[in-house]
>>> print(open('query.txt').read())   # compact mmCIF, C-alpha atoms and all ligand atoms
# COMPACT_ATOMS: atom_id res chain seq x y z
CA MET A 15 -18.39 -17.83 -15.43
CA GLY A 16 -19.84 -14.38 -14.97
CA SER A 17 -17.80 -11.32 -15.73
CA ARG A 18 -15.63 -10.12 -12.89
CA ARG A 19 -15.66 -6.45 -12.31
CA GLN A 20 -12.23 -4.86 -12.23
CA ASP A 21 -11.72 -3.06 -8.93
CA TYR A 22 -9.31 -0.46 -10.28
CA ASP A 23 -8.91 1.95 -13.19
CA TYR A 24 -5.15 1.52 -13.64
CA LEU A 25 -2.72 -1.27 -12.80
CA ILE A 26 0.82 0.08 -12.51
CA LYS A 27 3.97 -1.97 -11.98
CA LEU A 28 6.79 -0.17 -10.21
CA LEU A 29 10.30 -1.29 -9.30
CA LEU A 30 12.62 -0.28 -6.50
CA ILE A 31 16.26 -0.12 -7.58
CA GLY A 32 19.43 0.96 -5.81
CA ASP A 33 22.32 -0.27 -3.69
CA SER A 34 21.81 -2.61 -0.78
CA GLY A 35 21.08 -0.80 2.48
CA VAL A 36 19.67 2.44 1.05
CA GLY A 37 16.21 1.67 2.43
CA LYS A 38 14.23 0.25 -0.49
CA SER A 39 12.45 -2.39 1.58
CA CYS A 40 11.72 0.12 4.33
CA LEU A 41 10.22 2.57 1.82
CA LEU A 42 7.98 -0.18 0.48
CA LEU A 43 6.97 -1.28 3.96
CA ARG A 44 6.22 2.31 4.96
CA PHE A 45 4.15 2.96 1.87
CA ALA A 46 2.28 -0.34 1.74
CA GLU A 47 1.83 -1.02 5.44
CA ASP A 48 2.72 2.23 7.16
CA SER A 49 5.34 0.65 9.39
CA PHE A 50 9.09 0.84 9.86
CA THR A 51 11.64 -1.60 11.16
CA SER A 52 15.21 -0.78 12.09
CA SER A 53 16.54 -4.22 11.18
CA PHE A 54 17.37 -5.34 7.65
CA ILE A 55 14.44 -6.99 5.98
CA THR A 56 15.23 -10.08 4.00
CA THR A 57 12.38 -10.29 1.60
CA ILE A 58 12.26 -14.05 1.36
CA GLY A 59 9.22 -15.32 -0.47
CA ILE A 60 7.77 -11.87 -1.00
CA ASP A 61 8.57 -10.28 -4.32
CA PHE A 62 6.10 -7.42 -4.36
CA LYS A 63 3.43 -5.59 -2.44
CA ILE A 64 0.17 -4.18 -3.70
CA LYS A 65 -1.50 -0.98 -2.65
CA LYS A 66 -4.57 0.67 -4.10
CA VAL A 67 -4.60 4.46 -4.04
CA LEU A 68 -6.97 7.12 -5.29
CA ILE A 69 -5.22 9.54 -7.66
CA ASP A 70 -7.11 12.34 -9.43
CA GLY A 71 -10.37 10.47 -8.85
CA LYS A 72 -9.10 7.18 -10.31
CA TRP A 73 -8.35 3.96 -8.44
CA VAL A 74 -4.79 2.96 -9.11
CA LYS A 75 -3.53 -0.46 -8.14
CA LEU A 76 0.20 -0.22 -7.57
CA GLN A 77 2.20 -3.42 -7.76
CA ILE A 78 5.61 -2.59 -6.32
CA TRP A 79 8.54 -4.95 -6.69
CA ASP A 80 11.50 -5.06 -4.36
CA THR A 81 14.90 -6.41 -5.44
CA ALA A 82 15.03 -8.68 -2.40
CA GLY A 83 18.77 -8.77 -1.97
CA GLN A 84 19.74 -9.34 -5.61
CA GLU A 85 21.17 -5.86 -5.90
CA ARG A 86 24.31 -6.59 -7.86
CA PHE A 87 23.81 -5.38 -11.40
CA ARG A 88 24.20 -8.60 -13.30
CA THR A 89 21.94 -10.58 -11.02
CA ILE A 90 18.95 -8.42 -11.85
CA THR A 91 17.36 -10.24 -14.70
CA SER A 92 15.35 -8.78 -17.53
CA ALA A 93 12.35 -10.68 -16.14
CA TYR A 94 12.40 -8.33 -13.16
CA TYR A 95 12.20 -5.33 -15.46
CA ARG A 96 9.56 -6.80 -17.75
CA GLY A 97 6.38 -4.77 -17.72
CA ALA A 98 7.76 -2.16 -15.33
CA MET A 99 6.16 1.21 -15.97
CA GLY A 100 8.09 3.17 -13.40
CA ILE A 101 11.34 2.79 -11.51
CA LEU A 102 12.28 4.37 -8.20
CA LEU A 103 16.06 4.84 -8.15
CA VAL A 104 17.01 5.03 -4.50
CA TYR A 105 20.20 6.20 -2.80
CA ASP A 106 21.03 7.01 0.81
CA VAL A 107 21.83 10.70 1.46
CA THR A 108 24.46 9.61 4.02
CA ASP A 109 26.18 7.24 1.57
CA GLU A 110 28.19 8.84 -1.23
CA ALA A 111 28.82 5.51 -3.02
CA SER A 112 25.11 4.77 -3.25
CA PHE A 113 24.66 8.13 -5.00
CA THR A 114 27.60 7.62 -7.38
CA ASN A 115 26.15 4.23 -8.27
CA ILE A 116 22.90 5.75 -9.48
CA ARG A 117 24.64 6.39 -12.82
CA ASN A 118 25.42 2.68 -13.09
CA TRP A 119 21.85 1.80 -12.24
CA MET A 120 20.71 4.23 -14.94
CA LYS A 121 22.87 2.37 -17.50
CA ASN A 122 21.31 -0.85 -16.32
CA ILE A 123 17.77 0.35 -16.86
CA GLU A 124 18.12 2.65 -19.86
CA GLN A 125 16.79 0.07 -22.33
CA HIS A 126 13.60 -0.21 -20.31
CA ALA A 127 11.09 2.48 -21.18
CA SER A 128 9.72 3.75 -17.90
CA ASP A 129 8.98 6.84 -15.88
CA ASN A 130 11.74 7.12 -13.31
CA VAL A 131 12.07 9.05 -10.11
CA LEU A 132 15.21 9.73 -8.09
CA VAL A 133 14.89 9.18 -4.36
CA GLY A 134 17.41 10.31 -1.74
CA ASN A 135 16.36 8.35 1.34
CA LYS A 136 17.22 8.78 5.06
CA SER A 137 16.64 12.55 5.07
CA ASP A 138 15.93 12.24 8.80
CA MET A 139 19.59 11.56 9.59
CA ASP A 140 21.60 14.25 11.35
CA GLU A 141 23.04 16.85 8.97
CA SER A 142 26.54 15.94 10.19
CA LYS A 143 26.04 12.49 8.63
CA ARG A 144 24.92 13.84 5.27
CA ALA A 145 27.20 12.99 2.32
CA VAL A 146 25.01 14.10 -0.59
CA ALA A 147 23.60 17.62 -0.65
CA TYR A 148 20.01 18.12 -1.80
CA SER A 149 21.26 20.23 -4.72
CA ARG A 150 23.39 17.34 -6.05
CA GLY A 151 20.39 15.03 -6.07
CA GLN A 152 18.33 17.69 -7.83
CA ALA A 153 21.08 18.26 -10.43
CA LEU A 154 21.34 14.56 -11.24
CA ALA A 155 17.57 14.28 -11.54
CA ASP A 156 17.49 17.29 -13.86
CA GLU A 157 20.23 15.75 -16.02
CA PHE A 158 18.17 12.58 -16.53
CA ARG A 159 14.84 14.46 -16.62
CA MET A 160 13.51 12.66 -13.58
CA GLN A 161 11.54 13.90 -10.64
CA PHE A 162 13.43 14.12 -7.37
CA PHE A 163 12.44 13.65 -3.74
CA GLU A 164 14.32 13.31 -0.52
CA THR A 165 12.47 10.88 1.73
CA SER A 166 12.54 9.32 5.15
CA ALA A 167 11.01 5.87 5.46
CA LYS A 168 11.69 6.21 9.17
CA ASN A 169 9.77 9.46 9.71
CA ASN A 170 7.33 8.91 6.86
CA THR A 171 8.46 12.02 4.98
CA ASN A 172 7.58 12.27 1.27
CA VAL A 173 6.98 8.51 0.95
CA ASP A 174 3.39 8.75 -0.31
CA GLU A 175 4.43 11.70 -2.47
CA VAL A 176 7.08 9.68 -4.36
CA PHE A 177 4.75 6.82 -5.22
CA GLN A 178 1.82 9.08 -6.06
CA SER A 179 3.88 11.36 -8.23
CA VAL A 180 5.40 8.58 -10.34
CA ALA A 181 2.00 6.90 -10.64
CA ARG A 182 0.43 10.16 -11.79
CA ASP A 183 3.07 10.59 -14.52
CA ILE A 184 2.43 7.06 -15.73
CA MET A 185 -1.34 7.61 -15.77
CA LEU A 186 -0.87 10.73 -17.91
CA ARG A 187 1.37 8.81 -20.30
CA LEU A 188 -1.14 5.95 -20.58
CA LYS A 189 -3.94 8.42 -21.26
CA ASP A 190 -1.87 10.04 -24.03
CA THR A 191 -1.22 6.75 -25.79
CA GLN A 192 -4.83 5.64 -25.78
CA PRO A 193 -6.68 6.10 -29.09
P1 LIG B 1 17.48 -2.10 1.28
O1 LIG B 1 18.64 -3.03 1.28
O2 LIG B 1 17.66 -1.02 0.26
O3 LIG B 1 16.17 -2.81 1.12
O4 LIG B 1 17.47 -1.35 2.70
P2 LIG B 1 16.54 -1.63 3.97
O5 LIG B 1 15.17 -1.15 3.72
O6 LIG B 1 16.71 -3.03 4.40
O7 LIG B 1 17.20 -0.62 5.03
C1 LIG B 1 18.57 -0.72 5.36
C2 LIG B 1 18.80 -0.06 6.70
O8 LIG B 1 18.56 1.34 6.61
C3 LIG B 1 17.92 -0.59 7.83
O9 LIG B 1 18.70 -0.67 9.00
C4 LIG B 1 16.86 0.47 7.96
O10 LIG B 1 16.35 0.52 9.25
C5 LIG B 1 17.61 1.74 7.60
N1 LIG B 1 16.72 2.75 7.01
C6 LIG B 1 15.88 2.60 5.97
N2 LIG B 1 15.23 3.72 5.69
C7 LIG B 1 15.65 4.63 6.58
C8 LIG B 1 15.33 6.02 6.81
O11 LIG B 1 14.52 6.66 6.14
N3 LIG B 1 16.01 6.63 7.83
C9 LIG B 1 16.92 5.98 8.60
N4 LIG B 1 17.53 6.68 9.57
N5 LIG B 1 17.23 4.69 8.41
C10 LIG B 1 16.61 4.02 7.42
MG MG B 2 15.76 -4.82 0.80
>>> encode(input="query.txt", output="structure tokens")
Amino acid sequence: MGSRRQDYDYLIKLLLIGDSGVGKSCLLLRFAEDSFTSSFITTIGIDFKIKKVLIDGKWVKLQIWDTAGQERFRTITSAYYRGAMGILLVYDVTDEASFTNIRNWMKNIEQHASDNVLVGNKSDMDESKRAVAYSRGQALADEFRMQFFETSAKNNTNVDEVFQSVARDIMLRLKDTQP
């Protein structure tokens, strides 16, 4: 067989983590397919989506895994985490419990070396519905030395930015570790 040319410069595996209902599947759908659905997506048979993006002149193939309804801590197996280079920790800015739970998710992932980013989703919701102030998200992200974004999968706000920013951090880290 002849040699097959690789059609990317970097292959990066990312995971979406966070409570059920925060909008992980919608964020992935928005990013990978630029669409939004207002019904719950049950990701049966689809474990990940792939999107190729150009970052700083390099082609980056992002392989993004969705938890597909297995969001209770103990049901997420180490196989899911294996090889993950970056994790998007997602909460819903209108759901206090989903924010509180980020600390538990952090405990769950701390043994996995990765570049993480904190994502407060549903920023489009009316301010009267907001339960978690922007400053609280920023403070938590600072504490864990993560980047922080508020996003809306619905309005397509900051969605590309989250994925690009975590991918860029990972690219820099990979560059640093190369001989
Ligand atoms: P998952 O369980 O974390 O995968 O959450 P889903 O992606 O299935 O979304 C759960 C619900 O939140 C669905 O009804 C979505 O339509 C809704 N949702 C997701 N993202 C947003 C958003 O950015 N804004 C608003 N207003 N609703 C959203
Ligand atoms: Mg989902």
>>> atom_distance(input="query.txt", atom1="atom CA of Arg182 of chain A", atom2="atom CA of Asp70 of chain A")
8.2 Å
>>> closest_residue(input="query.txt", among="A:Leu76, A:Leu41, A:Ala98, A:Met120", to="ligand LIG 1 (chain B)", atoms="only C-alpha atoms and all ligand atoms")
A:Leu41
>>> residues_around(input="query.txt", residues="Asp174 of chain A", least_positions_apart="4", cutoff="12 Å", atoms="all atoms listed in the file", output="PyMOL selection string")
chain A and resi 41-48+65-69+76+163-167+169-170+178-182
>>> write_last_selection(input="query.txt", atoms="C-alpha atoms", output="compact mmCIF listing (two decimals), in the frame of the given file")
# COMPACT_ATOMS: atom_id res chain seq x y z
CA LEU A 41 10.22 2.57 1.82
CA LEU A 42 7.98 -0.18 0.48
CA LEU A 43 6.97 -1.28 3.96
CA ARG A 44 6.22 2.31 4.96
CA PHE A 45 4.15 2.96 1.87
CA ALA A 46 2.28 -0.34 1.74
CA GLU A 47 1.83 -1.02 5.44
CA ASP A 48 2.72 2.23 7.16
CA LYS A 65 -1.50 -0.98 -2.65
CA LYS A 66 -4.57 0.67 -4.10
CA VAL A 67 -4.60 4.46 -4.04
CA LEU A 68 -6.97 7.12 -5.29
CA ILE A 69 -5.22 9.54 -7.66
CA LEU A 76 0.20 -0.22 -7.57
CA PHE A 163 12.44 13.65 -3.74
CA GLU A 164 14.32 13.31 -0.52
CA THR A 165 12.47 10.88 1.73
CA SER A 166 12.54 9.32 5.15
CA ALA A 167 11.01 5.87 5.46
CA ASN A 169 9.77 9.46 9.71
CA ASN A 170 7.33 8.91 6.86
CA GLN A 178 1.82 9.08 -6.06
CA SER A 179 3.88 11.36 -8.23
CA VAL A 180 5.40 8.58 -10.34
CA ALA A 181 2.00 6.90 -10.64
CA ARG A 182 0.43 10.16 -11.79
>>> closest_residue(input="query.txt", among="A:Asp80, A:Asp183, A:Glu141, A:Glu157", to="ligand MG 2 (chain B)", atoms="all atoms listed in the file")
A:Asp80
>>> axis_aligned_box(input="query.txt", around="ligand LIG 1 (chain B)", padding_each_side="4 Å", output="JSON")
{"center_x": 16.7, "center_y": 1.8, "center_z": 4.9, "size_x": 12.3, "size_y": 17.7, "size_z": 17.3}
>>> atom_distance(input="query.txt", atom1="atom O4 of ligand LIG 1 (chain B)", atom2="atom CA of Asp109 of chain A")
12.3 Å
>>> residues_around(input="query.txt", residues="Lys27 of chain A", least_positions_apart="3", cutoff="10 Å", atoms="all atoms listed in the file", output="PyMOL selection string")
chain A and resi 24+62+64+75-79+95-101+181+184
>>> write_last_selection(input="query.txt", atoms="C-alpha atoms", output="CSV table (one decimal), in the frame of the given file")
chain,number,residue,atom,x,y,z
A,24,TYR,CA,-5.2,1.5,-13.6
A,62,PHE,CA,6.1,-7.4,-4.4
A,64,ILE,CA,0.2,-4.2,-3.7
A,75,LYS,CA,-3.5,-0.5,-8.1
A,76,LEU,CA,0.2,-0.2,-7.6
A,77,GLN,CA,2.2,-3.4,-7.8
A,78,ILE,CA,5.6,-2.6,-6.3
A,79,TRP,CA,8.5,-5.0,-6.7
A,95,TYR,CA,12.2,-5.3,-15.5
A,96,ARG,CA,9.6,-6.8,-17.8
A,97,GLY,CA,6.4,-4.8,-17.7
A,98,ALA,CA,7.8,-2.2,-15.3
A,99,MET,CA,6.2,1.2,-16.0
A,100,GLY,CA,8.1,3.2,-13.4
A,101,ILE,CA,11.3,2.8,-11.5
A,181,ALA,CA,2.0,6.9,-10.6
A,184,ILE,CA,2.4,7.1,-15.7
>>> closest_residue(input="query.txt", among="A:Ser112, A:Asn172, A:Asn122, A:Ser128", to="Ala145 of chain A", atoms="all atoms listed in the file")
A:Ser112
>>> atom_distance(input="query.txt", atom1="atom C5 of ligand LIG 1 (chain B)", atom2="atom CA of Arg150 of chain A")
21.5 Å
>>> closest_residue(input="query.txt", among="A:Arg117, A:Lys72, A:Lys143, A:Lys63", to="ligand LIG 1 (chain B)", atoms="all atoms listed in the file")
A:Lys143
>>> residues_near_point(input="query.txt", point="(27.5, 9.7, 1.2)", cutoff="12 Å", atoms="all atoms listed in the file", output="list in words")
Val36, Tyr105, Asp106, Val107, Thr108, Asp109, Glu110, Ala111, Ser112, Phe113, Thr114, Asn115, Gly134, Asn135, Lys136, Ser137, Met139, Glu141, Ser142, Lys143, Arg144, Ala145, Val146, Ala147, Tyr148, Arg150 and Gly151 of chain A
>>> closest_residue(input="query.txt", among="A:Ser149, A:Asn130, A:Thr81, A:Thr171", to="ligand MG 2 (chain B)", atoms="only C-alpha atoms and all ligand atoms")
A:Thr81
